[in-house]
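A.B. asks: I'm passing along model.csv; it holds CSV, C-alpha atoms.
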chain,number,residue,atom,x,y,z
P,170,MET,CA,58.1,133.0,112.8
P,171,THR,CA,61.8,132.9,113.8
P,172,ILE,CA,64.2,132.7,110.8
P,173,PHE,CA,66.4,129.6,110.9
P,174,PRO,CA,70.1,130.8,111.2
P,175,ALA,CA,72.3,129.8,108.3
P,176,THR,CA,75.1,128.7,110.7
P,177,LEU,CA,72.7,126.4,112.6
P,178,SER,CA,71.4,125.1,109.3
P,179,ARG,CA,74.9,124.2,108.1
P,180,TYR,CA,75.6,122.6,111.5
P,181,PHE,CA,72.6,120.3,111.3
P,182,PHE,CA,73.4,119.5,107.6
P,183,ARG,CA,77.0,118.6,108.4
P,184,ARG,CA,76.1,116.7,111.5
P,185,TYR,CA,73.6,114.6,109.6
P,186,VAL,CA,75.9,113.9,106.6
P,187,MET,CA,78.7,112.7,108.9
P,188,THR,CA,76.2,110.4,110.7
P,189,PHE,CA,75.0,109.1,107.3
P,190,LEU,CA,78.5,108.4,106.1
P,191,THR,CA,79.4,106.5,109.3
P,192,TYR,CA,76.3,104.3,109.0
P,193,CYS,CA,76.9,103.9,105.3
P,194,LEU,CA,80.4,102.6,105.9
P,195,ALA,CA,79.2,100.1,108.6
P,196,ILE,CA,76.4,98.9,106.2
P,197,LEU,CA,79.0,98.5,103.4
P,198,VAL,CA,81.1,96.1,105.6
P,199,ILE,CA,78.0,94.1,106.6
P,200,ILE,CA,76.8,93.8,103.0
P,201,LEU,CA,80.2,92.7,101.8
P,202,LEU,CA,80.4,90.0,104.5
P,203,VAL,CA,76.9,88.7,104.0
P,204,ASP,CA,77.2,88.7,100.2
P,205,PHE,CA,80.6,87.0,100.3
P,206,ASN,CA,79.1,84.2,102.5
P,207,GLU,CA,76.1,83.8,100.2
P,208,SER,CA,78.1,84.0,96.9
P,209,GLY,CA,80.6,81.5,98.3
P,210,ARG,CA,77.7,79.1,99.1
P,211,ARG,CA,76.5,79.3,95.5
P,212,LEU,CA,79.8,79.5,93.6
P,213,SER,CA,82.4,77.6,95.7
P,214,ALA,CA,81.6,74.3,93.9
P,215,ALA,CA,83.1,75.7,90.7
P,216,PRO,CA,86.7,74.5,90.0
P,217,GLU,CA,88.0,78.0,89.3
P,218,TYR,CA,86.5,79.6,92.4
P,219,THR,CA,88.9,81.1,94.9
P,220,ILE,CA,88.4,83.2,98.0
P,221,ALA,CA,90.0,86.2,96.2
P,222,THR,CA,87.6,85.8,93.3
P,223,GLY,CA,84.6,85.5,95.7
P,224,LEU,CA,85.7,88.7,97.5
P,225,LEU,CA,86.1,90.6,94.2
P,226,ILE,CA,82.6,89.5,93.0
P,227,SER,CA,81.0,90.5,96.3
P,228,ALA,CA,82.9,93.8,96.3
P,229,LEU,CA,81.6,94.5,92.8
P,230,ARG,CA,78.0,93.7,93.9
P,231,VAL,CA,78.1,95.8,97.0
P,232,PRO,CA,77.2,99.2,95.2
P,233,THR,CA,74.1,97.7,93.7
P,234,ILE,CA,73.0,96.2,97.1
P,235,LEU,CA,73.9,99.5,98.8
P,236,GLN,CA,71.7,101.5,96.4
P,237,ALA,CA,68.7,99.3,97.4
P,238,ALA,CA,69.6,99.7,101.1
P,239,ILE,CA,70.1,103.5,101.0
P,240,PRO,CA,66.5,104.4,102.1
P,241,PHE,CA,67.0,102.3,105.3
P,242,VAL,CA,70.5,103.8,105.9
P,243,VAL,CA,68.8,107.3,105.6
P,244,LEU,CA,66.1,106.3,108.0
P,245,ILE,CA,68.5,105.0,110.7
P,246,ALA,CA,70.9,107.9,110.2
P,247,SER,CA,68.0,110.4,110.5
P,248,ILE,CA,66.8,108.8,113.7
P,249,ALA,CA,70.3,108.7,115.1
P,250,THR,CA,71.0,112.3,114.3
P,251,LEU,CA,67.8,113.6,115.9
P,252,MET,CA,68.3,111.4,119.0
P,253,GLN,CA,71.9,112.7,119.4
P,254,LEU,CA,70.6,116.3,119.1
P,255,ASN,CA,67.9,115.6,121.6
P,256,ARG,CA,70.3,114.0,124.1
P,257,LYS,CA,72.6,117.0,124.0
P,258,TYR,CA,69.6,119.3,124.4
P,259,GLU,CA,70.4,121.0,121.1
P,260,LEU,CA,66.9,120.4,119.8
P,261,VAL,CA,65.4,121.6,123.1
P,262,VAL,CA,67.3,124.9,122.9
P,263,THR,CA,66.5,125.2,119.2
P,264,ARG,CA,62.8,124.8,119.9
P,265,ALA,CA,63.0,127.2,122.9
P,266,ALA,CA,64.3,129.8,120.4
P,267,GLY,CA,61.1,129.6,118.5
P,268,ILE,CA,62.3,127.5,115.6
P,269,SER,CA,59.8,125.0,114.4
P,270,ALA,CA,60.4,121.3,113.5
P,271,TRP,CA,59.9,122.1,109.8
P,272,GLN,CA,62.8,124.6,109.9
P,273,PHE,CA,65.4,122.3,111.6
P,274,LEU,CA,64.3,119.3,109.6
P,275,ALA,CA,64.9,121.3,106.3
P,276,PRO,CA,68.7,120.7,106.4
P,277,LEU,CA,68.2,117.0,106.8
P,278,ILE,CA,65.7,116.9,104.0
P,279,ALA,CA,68.0,118.9,101.8
P,280,ALA,CA,70.9,116.5,102.6
P,281,ASN,CA,68.7,113.5,101.7
P,282,LEU,CA,67.6,115.1,98.4
P,283,LEU,CA,71.2,115.7,97.6
P,284,ILE,CA,72.1,112.1,98.6
P,285,GLY,CA,69.3,110.8,96.4
P,286,VAL,CA,70.5,112.8,93.3
P,287,ILE,CA,74.1,111.6,93.9
P,288,ALA,CA,72.9,108.0,94.3
P,289,VAL,CA,70.9,108.1,91.0
P,290,ALA,CA,73.4,110.1,88.9
P,291,GLY,CA,76.7,108.7,90.3
P,292,LEU,CA,76.3,105.6,92.4
P,293,ASN,CA,73.8,103.9,90.0
P,294,THR,CA,76.2,104.3,87.0
P,295,PHE,CA,79.1,102.9,89.0
P,296,ALA,CA,77.0,100.1,90.4
P,297,ALA,CA,75.8,99.1,87.0
P,298,SER,CA,79.3,99.0,85.6
P,299,ALA,CA,80.5,97.0,88.6
P,300,MET,CA,77.6,94.5,88.3
P,301,GLN,CA,78.5,94.0,84.6
P,302,TRP,CA,82.1,93.4,85.6
P,303,ALA,CA,81.0,90.8,88.2
P,304,GLU,CA,78.8,89.0,85.7
P,305,THR,CA,81.6,88.9,83.2
P,306,ILE,CA,83.9,87.3,85.8
P,307,ILE,CA,81.2,84.7,86.6
P,308,VAL,CA,80.7,83.9,82.9
P,309,GLU,CA,84.4,83.8,81.9
P,310,ARG,CA,85.2,81.5,84.8
P,311,ASN,CA,82.0,79.5,84.5
P,312,LEU,CA,81.2,79.9,88.2
P,313,GLY,CA,77.5,79.4,87.9
P,314,SER,CA,74.9,82.0,88.7
P,315,GLY,CA,75.7,85.2,90.5
P,316,GLN,CA,72.1,85.8,91.4
P,317,SER,CA,70.4,84.5,94.5
P,318,SER,CA,67.6,83.1,92.4
P,319,ASN,CA,68.5,80.0,90.3
P,320,THR,CA,65.7,80.7,87.8
P,321,THR,CA,67.1,80.4,84.2
P,322,PRO,CA,65.9,82.9,81.6
P,323,TRP,CA,64.9,81.2,78.3
P,324,LEU,CA,64.7,82.3,74.7
P,325,ARG,CA,63.1,80.7,71.7
P,326,GLN,CA,64.5,81.2,68.2
P,327,ARG,CA,63.2,80.0,64.8
P,328,THR,CA,65.5,79.1,61.9
P,329,GLU,CA,65.2,77.0,58.7
P,330,GLN,CA,66.7,74.1,60.6
P,331,GLY,CA,63.9,74.2,63.2
P,332,ASP,CA,63.1,75.8,66.6
P,333,THR,CA,65.6,76.1,69.4
P,334,VAL,CA,65.0,77.0,73.0
P,335,LEU,CA,68.1,78.3,74.9
P,336,GLY,CA,68.8,79.4,78.4
P,337,ALA,CA,71.8,80.0,80.6
P,338,ARG,CA,72.7,80.3,84.3
P,339,ALA,CA,74.6,83.6,83.8
P,340,SER,CA,75.0,86.1,81.0
P,341,ALA,CA,77.4,89.0,80.2
P,342,ALA,CA,78.2,91.5,77.5
P,343,GLY,CA,74.5,92.3,77.0
P,344,GLY,CA,73.4,88.6,76.9
P,345,THR,CA,75.8,87.7,74.0
P,346,ARG,CA,78.1,85.6,76.3
P,347,LEU,CA,76.5,82.8,78.2
P,348,SER,CA,77.7,80.5,80.9
P,349,GLY,CA,76.1,77.1,81.8
P,350,ALA,CA,74.1,77.3,78.6
P,351,THR,CA,71.5,74.7,77.6
P,352,PHE,CA,70.1,74.4,74.0
P,353,PHE,CA,67.0,72.3,73.1
P,354,LEU,CA,66.8,71.6,69.4
P,355,PHE,CA,63.3,70.7,68.0
P,356,ASP,CA,62.4,68.9,64.8
P,357,ALA,CA,59.6,69.8,62.4
P,358,GLU,CA,57.0,68.1,64.6
P,359,GLN,CA,58.1,70.1,67.6
P,360,ASN,CA,59.7,67.1,69.3
P,361,ILE,CA,63.1,67.5,71.1
P,362,LYS,CA,65.7,65.9,68.8
P,363,GLU,CA,68.7,66.8,70.9
P,364,ARG,CA,69.9,68.7,73.9
P,365,LEU,CA,73.2,70.6,74.1
P,366,GLU,CA,74.8,71.6,77.4
P,367,ALA,CA,77.7,74.0,76.9
P,368,GLU,CA,80.1,75.4,79.4
P,369,ARG,CA,80.0,78.7,77.4
P,370,ALA,CA,78.1,80.1,74.4
P,371,THR,CA,78.9,83.2,72.4
P,372,LEU,CA,76.6,84.9,69.9
P,373,GLY,CA,78.4,85.5,66.6
P,374,ASP,CA,77.3,86.6,63.2
P,375,GLY,CA,74.3,84.4,62.6
P,376,GLU,CA,75.3,81.6,64.9
P,377,TRP,CA,75.8,80.6,68.5
P,378,ILE,CA,79.3,79.1,69.1
P,379,LEU,CA,79.2,76.6,72.0
P,380,THR,CA,82.3,75.3,73.7
P,381,ASN,CA,82.9,72.2,75.9
P,382,VAL,CA,79.5,70.7,74.9
P,383,ARG,CA,77.6,67.6,76.0
P,384,ARG,CA,75.3,66.4,73.3
P,385,ILE,CA,72.3,64.3,74.5
P,386,GLN,CA,70.2,62.5,71.8
P,387,GLY,CA,67.5,60.3,73.1
P,388,SER,CA,68.9,56.9,74.2
P,389,LYS,CA,72.3,57.4,72.4
P,390,PRO,CA,75.4,57.7,74.5
P,391,VAL,CA,76.3,61.2,75.6
P,392,GLU,CA,78.9,62.9,73.3
P,393,GLN,CA,81.6,65.3,74.4
P,394,LEU,CA,82.3,67.9,71.8
P,395,GLN,CA,84.8,70.7,71.8
P,396,THR,CA,82.7,73.2,69.8
P,397,VAL,CA,79.3,73.2,68.2
P,398,SER,CA,77.7,75.9,65.9
P,399,ILE,CA,74.0,76.6,66.1
P,400,PRO,CA,72.5,78.8,63.4
P,401,THR,CA,70.4,81.8,64.7
P,402,ALA,CA,68.5,84.7,63.5
P,403,LEU,CA,68.6,86.5,66.8
P,404,LYS,CA,70.2,89.9,67.0
P,405,ALA,CA,72.5,91.0,69.8
P,406,GLU,CA,70.1,93.8,70.7
P,407,PHE,CA,67.2,91.4,71.1
P,408,VAL,CA,69.2,89.0,73.2
P,409,GLY,CA,70.4,91.9,75.3
P,410,GLU,CA,66.9,93.1,76.0
P,411,SER,CA,65.7,89.6,77.0
P,412,LEU,CA,68.6,88.6,79.2
P,413,THR,CA,70.1,91.9,80.6
P,414,SER,CA,69.1,92.6,84.2
P,415,PRO,CA,67.8,96.1,84.9
P,416,GLU,CA,70.4,96.5,87.7
P,417,THR,CA,73.2,96.3,85.1
P,418,VAL,CA,71.8,99.2,83.1
P,419,PRO,CA,72.9,102.8,84.1
P,420,PHE,CA,70.1,105.2,84.8
P,421,PHE,CA,70.8,107.4,81.8
P,422,GLU,CA,70.5,104.4,79.5
P,423,LEU,CA,67.2,103.0,80.8
P,424,ARG,CA,65.0,105.1,78.6
P,425,GLY,CA,66.8,103.8,75.5
P,426,LYS,CA,66.5,100.2,76.8
P,427,ILE,CA,62.8,100.7,77.3
P,428,ALA,CA,62.3,102.0,73.8
P,429,VAL,CA,64.4,99.2,72.3
P,430,ALA,CA,62.5,96.5,74.3
P,431,LYS,CA,59.2,97.9,73.1
P,432,SER,CA,60.4,98.0,69.5
P,433,PHE,CA,61.1,94.2,69.7
P,434,GLY,CA,57.7,93.6,71.2
P,435,LEU,CA,59.2,92.6,74.6
P,436,PRO,CA,57.8,93.6,78.0
P,437,ALA,CA,59.7,96.5,79.4
P,438,THR,CA,58.0,96.5,82.8
P,439,SER,CA,61.2,95.7,84.7
P,440,TYR,CA,63.1,98.5,83.0
P,441,GLU,CA,60.3,101.0,83.5
P,442,MET,CA,60.0,100.0,87.2
P,443,GLN,CA,63.8,100.5,87.7
P,444,PHE,CA,63.6,103.9,85.9
P,445,HIS,CA,60.7,105.3,87.9
P,446,ARG,CA,62.1,103.9,91.2
P,447,LEU,CA,65.4,105.8,90.6
P,448,VAL,CA,63.5,109.0,89.6
P,449,ALA,CA,61.5,108.7,92.9
P,450,GLN,CA,64.5,107.9,95.1
P,451,PRO,CA,65.4,111.5,96.2
P,452,ALA,CA,61.8,112.1,97.2
P,453,LEU,CA,61.7,108.8,99.0
P,454,LEU,CA,64.8,109.7,101.0
P,455,ALA,CA,63.2,113.0,101.9
P,456,ALA,CA,60.1,111.1,103.1
P,457,MET,CA,62.3,108.9,105.2
P,458,THR,CA,63.3,112.0,107.2
P,459,LEU,CA,59.7,112.7,108.0
P,460,ILE,CA,59.2,109.1,109.1
P,461,ALA,CA,62.3,109.4,111.3
P,462,ALA,CA,61.0,112.6,112.8
P,463,ILE,CA,57.8,111.0,113.9
P,464,VAL,CA,59.5,108.6,116.3
P,465,SER,CA,62.5,110.7,117.4
P,466,LEU,CA,61.6,114.4,117.8
P,467,LYS,CA,60.1,113.8,121.3
P,468,PHE,CA,62.7,114.2,124.0
P,469,VAL,CA,63.7,110.8,125.4
P,470,ARG,CA,65.8,109.6,128.2
P,471,PHE,CA,68.7,107.1,127.6
P,472,GLY,CA,66.6,104.1,128.6
P,473,GLN,CA,63.9,104.9,126.0
P,474,SER,CA,66.3,104.9,123.0
P,475,LEU,CA,65.7,101.3,122.1
P,476,THR,CA,61.9,101.8,121.8
P,477,VAL,CA,62.5,104.8,119.5
P,478,VAL,CA,64.9,102.9,117.2
P,479,LEU,CA,62.6,99.9,117.1
P,480,GLY,CA,59.6,102.1,116.2
P,481,GLY,CA,61.6,103.7,113.3
P,482,ILE,CA,62.8,100.4,112.0
P,483,LEU,CA,59.3,99.0,112.2
P,484,ALA,CA,58.0,102.0,110.2
P,485,GLY,CA,60.7,101.4,107.6
P,486,PHE,CA,60.0,97.7,107.4
P,487,VAL,CA,56.3,98.3,106.8
P,488,LEU,CA,57.1,100.8,104.1
P,489,TYR,CA,59.5,98.3,102.5
P,490,VAL,CA,56.9,95.5,102.5
P,491,VAL,CA,54.3,97.8,101.0
P,492,SER,CA,56.8,98.9,98.3
P,493,GLU,CA,57.7,95.3,97.4
P,494,LEU,CA,54.0,94.3,97.3
P,495,ILE,CA,53.2,97.2,95.0
P,496,GLN,CA,56.2,96.4,92.8
P,497,ALA,CA,54.9,92.8,92.5
P,498,PHE,CA,51.6,94.1,91.2
P,499,ALA,CA,53.4,96.3,88.7
P,500,ASN,CA,55.5,93.5,87.4
P,501,ALA,CA,52.3,91.5,87.0
P,502,GLY,CA,50.9,94.3,84.9
P,503,THR,CA,48.2,95.1,87.4
P,504,ILE,CA,49.3,98.7,88.0
P,505,PRO,CA,51.5,101.1,86.0
P,506,PRO,CA,55.2,101.2,87.1
P,507,ILE,CA,55.1,104.9,87.6
P,508,VAL,CA,52.3,104.4,90.2
P,509,ALA,CA,54.1,101.6,91.9
P,510,ALA,CA,57.3,103.7,92.2
P,511,TRP,CA,55.6,106.9,93.5
P,512,LEU,CA,52.8,105.5,95.7
P,513,PRO,CA,55.1,104.5,98.6
P,514,VAL,CA,56.7,108.0,98.5
P,515,LEU,CA,53.4,109.7,98.6
P,516,VAL,CA,52.1,107.5,101.4
P,517,ALA,CA,55.3,108.0,103.5
P,518,SER,CA,55.2,111.8,102.9
P,519,ALA,CA,51.6,112.1,103.7
P,520,LEU,CA,51.9,110.1,106.9
P,521,GLY,CA,55.0,112.0,108.1
P,522,THR,CA,53.5,115.4,107.2
P,523,THR,CA,50.2,114.6,108.9
P,524,VAL,CA,51.7,113.4,112.2
P,525,LEU,CA,54.2,116.3,112.3
P,526,LEU,CA,51.4,118.8,111.6
P,527,HIS,CA,49.4,117.3,114.5
P,528,LYS,CA,52.4,117.4,116.9
P,529,GLU,CA,53.6,120.8,115.9
P,530,ASP,CA,50.5,122.8,115.0
P,531,GLY,CA,47.9,120.8,116.9
Do you think you could lay out the structure here as structure tokens?
C.D. replies:
Amino acid sequence: MTIFPATLSRYFFRRYVMTFLTYCLAILVIILLVDFNESGRRLSAAPEYTIATGLLISALRVPTILQAAIPFVVLIASIATLMQLNRKYELVVTRAAGISAWQFLAPLIAANLLIGVIAVAGLNTFAASAMQWAETIIVERNLGSGQSSNTTPWLRQRTEQGDTVLGARASAAGGTRLSGATFFLFDAEQNIKERLEAERATLGDGEWILTNVRRIQGSKPVEQLQTVSIPTALKAEFVGESLTSPETVPFFELRGKIAVAKSFGLPATSYEMQFHRLVAQPALLAAMTLIAAIVSLKFVRFGQSLTVVLGGILAGFVLYVVSELIQAFANAGTIPPIVAAWLPVLVASALGTTVLLHKEDG
């Protein structure tokens, strides 16, 4: 078997990285525009919302969205690189020299493994910090919810004064600062005795401090209060585990979050799923190279490029649907998170390897 020259290997590696960065930049712009439009639709009704604030929030959310989109960027960049090499007959000449597909795909796989490690170790940490900053802005300016879902997370606390159920549209600082908070206070018979709707709520030492509060008590007139104090036995760590989104936790802190959540008796499935997905990401990106090779290694004419691209996108879409379906099963507790994270990687790798073995070695 012909040894793959180091110079050619570096050329393929550099060629792919430049293509990846180009597509990555284009995707960044698209993500920013789409997220700005969506965020503006949700947040623009707030009095303190401005276009500059909306752009800042969207810019801070872009790294998190990009991290989720990286597998598709890798797939498209791999297809584009192989098609460009095919069009310029570089792959034809490489194959004529006795170099197999496994050899000239190795630089692309190595590049994607490196991209995956950088995404997990670097981009994820930056994205988590940026997302925390975005949530802080939303809470401080009472803009509403920064998430596409309007589902409110709820907590129940028990004190000597009775039970309280509380929720908020947005949270920051590990769940200790809430925006658009609602508190339901119950009496000894578990009937709602009053409802408090606060613009903001902050967890202090043994109490929740609510500001700009509307108090609703049965048929009584609604009261407007500047501040209200609600006793609580909740600890900041417990609230943080219950309200903090996994996307705002850096990769190197996820294991600690999982341990703390389990110590409080809380389900840690979302944190475990996030951890294992990040661990599996470099391998997933490498598998995307094999998927791209299936549809783009064959020499094609210019008019056939659209079919090749559509085939690759369809393969990526099917993999995405399967991944989301498996994740839903994991979140429901049907399968372990580690299986849900690694199964799509194994399926994609097995499919790509099988097809390439059939094409290359018969």
A.B. asks: Using all atoms listed in the file, which residues sit within 10 Å of Ile361 in chain P once same-chain residues fewer than 2 positions away are excluded, as a JSON list (two decimals) with C-alpha atoms, in the frame of the given file?
C.D. replies:
[["chain", "number", "residue", "atom", "x", "y", "z"],
["P", 332, "ASP", "CA", 63.10, 75.80, 66.60],
["P", 333, "THR", "CA", 65.60, 76.10, 69.40],
["P", 334, "VAL", "CA", 65.00, 77.00, 73.00],
["P", 353, "PHE", "CA", 67.00, 72.30, 73.10],
["P", 354, "LEU", "CA", 66.80, 71.60, 69.40],
["P", 355, "PHE", "CA", 63.30, 70.70, 68.00],
["P", 356, "ASP", "CA", 62.40, 68.90, 64.80],
["P", 357, "ALA", "CA", 59.60, 69.80, 62.40],
["P", 358, "GLU", "CA", 57.00, 68.10, 64.60],
["P", 359, "GLN", "CA", 58.10, 70.10, 67.60],
["P", 363, "GLU", "CA", 68.70, 66.80, 70.90],
["P", 364, "ARG", "CA", 69.90, 68.70, 73.90],
["P", 386, "GLN", "CA", 70.20, 62.50, 71.80],
["P", 387, "GLY", "CA", 67.50, 60.30, 73.10]]
A.B. asks: What gap, in Å, lies between CA of Pro240 in chain P and CA of Met457 in chain P?
C.D. replies: 6.9 Å
A.B. asks: Would you kindly return, as a compact mmCIF listing (two decimals) with C-alpha atoms, in the coordinates of the input, each protein, DNA or RNA residue with an atom no farther than 8 Å from any atom of range 223-234 of chain P, considering all atoms listed in the file and excluding same-chain residues fewer than 2 positions away?
C.D. replies:
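Result file follows (part-v3.txt):
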# COMPACT_ATOMS: atom_id res chain seq x y z
CA LEU P 197 79.00 98.50 103.40
CA ILE P 200 76.80 93.80 103.00
CA LEU P 201 80.20 92.70 101.80
CA ASP P 204 77.20 88.70 100.20
CA PHE P 205 80.60 87.00 100.30
CA SER P 208 78.10 84.00 96.90
CA GLY P 209 80.60 81.50 98.30
CA LEU P 212 79.80 79.50 93.60
CA TYR P 218 86.50 79.60 92.40
CA THR P 219 88.90 81.10 94.90
CA ILE P 220 88.40 83.20 98.00
CA ALA P 221 90.00 86.20 96.20
CA GLN P 236 71.70 101.50 96.40
CA ALA P 237 68.70 99.30 97.40
CA ALA P 238 69.60 99.70 101.10
CA LEU P 292 76.30 105.60 92.40
CA ASN P 293 73.80 103.90 90.00
CA PHE P 295 79.10 102.90 89.00
CA ALA P 296 77.00 100.10 90.40
CA ALA P 297 75.80 99.10 87.00
CA ALA P 299 80.50 97.00 88.60
CA MET P 300 77.60 94.50 88.30
CA TRP P 302 82.10 93.40 85.60
CA ALA P 303 81.00 90.80 88.20
CA ILE P 306 83.90 87.30 85.80
CA GLU P 416 70.40 96.50 87.70
A.B. asks: Mind dumping a table of every range 263-381 of chain P residue within 8 Å of range 452-456 of chain P, with the nearest atom pair and its distance in Å to one decimal, using only C-alpha atoms, sorted by chain and rising number, as JSON lines?
C.D. replies:
{"residue": "P:Ile278", "atom": "CA", "partner": "P:Ala455", "partner_atom": "CA", "distance": 5.1}
{"residue": "P:Ala279", "atom": "CA", "partner": "P:Ala455", "partner_atom": "CA", "distance": 7.6}
{"residue": "P:Asn281", "atom": "CA", "partner": "P:Leu454", "partner_atom": "CA", "distance": 5.5}
{"residue": "P:Leu282", "atom": "CA", "partner": "P:Ala455", "partner_atom": "CA", "distance": 6.0}
{"residue": "P:Gly285", "atom": "CA", "partner": "P:Leu454", "partner_atom": "CA", "distance": 6.5}
A.B. asks: Just give me the gap between CA of Pro513 in chain P and CA of Val242 in chain P in Å, one decimal is fine.
C.D. replies: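 Interatomic distance here is 17.1 Å.
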A.B. asks: Calculate how many Å separate CA of Ala462 in chain P from CA of Gln253 in chain P, rounding to one decimal.
C.D. replies: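 Calculated distance between CA of Ala462 in chain P and CA of Gln253 in chain P is 12.7 Å.
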A.B. asks: Would you mind putting back N, CA, C and O atoms on range 227-243 of chain P, then writing it out as an mmCIF file, in the frame of the given file?
C.D. replies:
data_model
loop_
_atom_site.group_PDB
_atom_site.id
_atom_site.type_symbol
_atom_site.label_atom_id
_atom_site.label_comp_id
_atom_site.auth_asym_id
_atom_site.auth_seq_id
_atom_site.Cartn_x
_atom_site.Cartn_y
_atom_site.Cartn_z
ATOM 1 N N SER P 227 81.889 89.864 95.274
ATOM 2 C CA SER P 227 81.000 90.500 96.300
ATOM 3 C C SER P 227 81.281 91.990 96.375
ATOM 4 O O SER P 227 80.332 92.768 96.526
ATOM 5 N N ALA P 228 82.553 92.401 96.268
ATOM 6 C CA ALA P 228 82.900 93.800 96.300
ATOM 7 C C ALA P 228 82.225 94.563 95.120
ATOM 8 O O ALA P 228 81.761 95.702 95.255
ATOM 9 N N LEU P 229 82.177 93.906 93.966
ATOM 10 C CA LEU P 229 81.600 94.500 92.800
ATOM 11 C C LEU P 229 80.042 94.577 92.902
ATOM 12 O O LEU P 229 79.402 95.433 92.292
ATOM 13 N N ARG P 230 79.470 93.669 93.675
ATOM 14 C CA ARG P 230 78.000 93.700 93.900
ATOM 15 C C ARG P 230 77.558 94.598 94.961
ATOM 16 O O ARG P 230 76.383 94.986 95.004
ATOM 17 N N VAL P 231 78.466 95.009 95.837
ATOM 18 C CA VAL P 231 78.100 95.800 97.000
ATOM 19 C C VAL P 231 77.423 97.154 96.578
ATOM 20 O O VAL P 231 76.405 97.526 97.177
ATOM 21 N N PRO P 232 77.916 97.909 95.570
ATOM 22 C CA PRO P 232 77.200 99.200 95.200
ATOM 23 C C PRO P 232 75.765 98.984 94.836
ATOM 24 O O PRO P 232 74.925 99.812 95.203
ATOM 25 N N THR P 233 75.453 97.910 94.114
ATOM 26 C CA THR P 233 74.100 97.700 93.700
ATOM 27 C C THR P 233 73.196 97.384 94.947
ATOM 28 O O THR P 233 72.076 97.895 95.077
ATOM 29 N N ILE P 234 73.711 96.559 95.858
ATOM 30 C CA ILE P 234 73.000 96.200 97.100
ATOM 31 C C ILE P 234 72.823 97.486 97.954
ATOM 32 O O ILE P 234 71.771 97.737 98.554
ATOM 33 N N LEU P 235 73.907 98.283 98.020
ATOM 34 C CA LEU P 235 73.900 99.500 98.800
ATOM 35 C C LEU P 235 72.808 100.462 98.314
ATOM 36 O O LEU P 235 72.101 101.099 99.108
ATOM 37 N N GLN P 236 72.672 100.559 97.002
ATOM 38 C CA GLN P 236 71.700 101.500 96.400
ATOM 39 C C GLN P 236 70.266 101.067 96.880
ATOM 40 O O GLN P 236 69.430 101.930 97.158
ATOM 41 N N ALA P 237 70.016 99.769 96.950
ATOM 42 C CA ALA P 237 68.700 99.300 97.400
ATOM 43 C C ALA P 237 68.525 99.557 98.911
ATOM 44 O O ALA P 237 67.394 99.736 99.383
ATOM 45 N N ALA P 238 69.651 99.582 99.655
ATOM 46 C CA ALA P 238 69.600 99.700 101.100
ATOM 47 C C ALA P 238 69.630 101.193 101.565
ATOM 48 O O ALA P 238 69.396 101.472 102.743
ATOM 49 N N ILE P 239 69.911 102.124 100.655
ATOM 50 C CA ILE P 239 70.100 103.500 101.000
ATOM 51 C C ILE P 239 68.872 104.095 101.780
ATOM 52 O O ILE P 239 69.046 104.828 102.763
ATOM 53 N N PRO P 240 67.631 103.811 101.366
ATOM 54 C CA PRO P 240 66.500 104.400 102.100
ATOM 55 C C PRO P 240 66.521 103.957 103.612
ATOM 56 O O PRO P 240 66.179 104.770 104.482
ATOM 57 N N PHE P 241 66.950 102.736 103.911
ATOM 58 C CA PHE P 241 67.000 102.300 105.300
ATOM 59 C C PHE P 241 68.198 102.930 106.031
ATOM 60 O O PHE P 241 68.108 103.240 107.220
ATOM 61 N N VAL P 242 69.314 103.133 105.328
ATOM 62 C CA VAL P 242 70.500 103.800 105.900
ATOM 63 C C VAL P 242 70.044 105.263 106.270
ATOM 64 O O VAL P 242 70.375 105.783 107.341
ATOM 65 N N VAL P 243 69.319 105.900 105.357
ATOM 66 C CA VAL P 243 68.800 107.300 105.600
ATOM 67 C C VAL P 243 67.899 107.299 106.790
ATOM 68 O O VAL P 243 67.988 108.203 107.642
#
